Amino acid sequence: MPDGRGSLIAACAMAILLSGCALSDENLSRVMVAPGKFSLYTCPELVAKGKELSKRERELAGLIAKARASAGGGVVSELAYRPDYVAAQGELRDVREAAAAKQCDLSRIDSDGAAAPSEPQPTSR
């Protein structure tokens, strides 16, 4: 019977891991990214990092969509791409927050066809 218990434990562990996917990406990204990571970056560095993260986020979104189109792709996308996608989202959010605190112009991040920011940017004028 040890094999039966092992299978049951493995199935329960998989269910717990997959239930974590039900958490919002916003909450997961806050856990996966070190706060204040970009606080010492200059405005040009924040713009460059934002462009890099925005591009990576789009690439991963495409890979997730492509994987989901195939049989069993939902599991593959959740295990292979979702953690990186959520981390990229969290880092991009932190770059935007650091840039807003420094009053940097981030319009160049989104000028290359990237999606607009998901959160409104604070204005201080």
# chains A, B, ... in the order shown; residues from 1 in each chain; ligands from 1
call {"tool": "residues_around", "arguments": {"residues": "range 43-53 of chain A", "least_positions_apart": "6", "cutoff": "6 Å", "atoms": "only C-alpha atoms", "output": "list in words"}}
result
Ala88, Leu92, Cys104 and Ile109 of chain A
call {"tool": "select_by_dssp", "arguments": {"residues": "range 21-109 of chain A", "states": "helix (DSSP H, G or I)", "output": "CSV table (one decimal) with C-alpha atoms, in the first residue's frame"}}
result
chain,number,residue,atom,x,y,z
A,21,CYS,CA,-2.7,29.4,-9.8
A,22,ALA,CA,-6.1,30.7,-8.8
A,25,ASP,CA,-1.2,37.5,-10.6
A,26,GLU,CA,-1.0,40.8,-8.8
A,27,ASN,CA,-0.8,39.1,-5.4
A,28,LEU,CA,1.7,36.5,-6.7
A,29,SER,CA,3.9,39.2,-8.3
A,30,ARG,CA,4.1,41.1,-5.0
A,31,VAL,CA,5.5,38.0,-3.3
A,32,MET,CA,7.9,37.1,-6.1
A,43,CYS,CA,15.6,57.4,-14.8
A,44,PRO,CA,17.5,56.2,-17.9
A,45,GLU,CA,18.2,52.9,-16.2
A,46,LEU,CA,14.5,52.6,-15.2
A,47,VAL,CA,13.4,53.2,-18.8
A,48,ALA,CA,15.8,50.6,-20.2
A,49,LYS,CA,14.8,48.1,-17.6
A,50,GLY,CA,11.1,48.8,-18.2
A,51,LYS,CA,11.5,48.3,-21.9
A,52,GLU,CA,13.3,45.0,-21.3
A,53,LEU,CA,10.6,43.8,-18.9
A,54,SER,CA,7.8,44.9,-21.1
A,55,LYS,CA,9.3,43.0,-24.0
A,56,ARG,CA,9.7,39.9,-21.9
A,57,GLU,CA,6.2,40.1,-20.5
A,58,ARG,CA,4.8,40.2,-24.1
A,59,GLU,CA,7.0,37.2,-25.1
A,60,LEU,CA,5.8,35.2,-22.2
A,61,ALA,CA,2.2,36.1,-22.8
A,62,GLY,CA,2.6,34.8,-26.4
A,63,LEU,CA,4.2,31.6,-25.2
A,64,ILE,CA,1.4,31.0,-22.7
A,65,ALA,CA,-1.3,31.6,-25.4
A,66,LYS,CA,0.6,29.3,-27.8
A,67,ALA,CA,0.9,26.6,-25.2
A,68,ARG,CA,-2.7,26.8,-24.2
A,73,GLY,CA,-0.9,23.1,-22.9
A,74,GLY,CA,-2.7,24.7,-20.0
A,75,VAL,CA,-0.7,22.7,-17.5
A,76,VAL,CA,2.5,23.3,-19.5
A,77,SER,CA,1.9,27.1,-19.6
A,78,GLU,CA,1.2,27.2,-15.9
A,79,LEU,CA,4.3,25.3,-14.9
A,80,ALA,CA,6.7,26.6,-17.5
A,81,TYR,CA,5.8,30.1,-18.3
A,82,ARG,CA,3.4,31.5,-15.6
A,83,PRO,CA,6.1,32.0,-12.9
A,84,ASP,CA,8.3,34.0,-15.2
A,85,TYR,CA,5.3,36.0,-16.5
A,86,VAL,CA,4.2,36.9,-13.0
A,87,ALA,CA,7.7,37.9,-12.0
A,88,ALA,CA,8.1,40.1,-15.1
A,89,GLN,CA,4.7,41.7,-14.3
A,90,GLY,CA,5.8,42.4,-10.7
A,91,GLU,CA,9.2,43.8,-11.7
A,92,LEU,CA,7.6,46.0,-14.3
A,93,ARG,CA,5.1,47.3,-11.7
A,94,ASP,CA,8.0,48.1,-9.4
A,95,VAL,CA,9.9,49.8,-12.1
A,96,ARG,CA,6.9,52.0,-12.8
A,97,GLU,CA,6.5,52.8,-9.1
A,98,ALA,CA,10.2,53.7,-8.7
A,99,ALA,CA,10.0,55.9,-11.8
A,100,ALA,CA,6.9,57.6,-10.6
A,101,ALA,CA,8.6,58.3,-7.3
A,107,SER,CA,6.3,57.2,-22.0
A,108,ARG,CA,9.3,55.6,-23.9
A,109,ILE,CA,8.6,52.2,-22.3
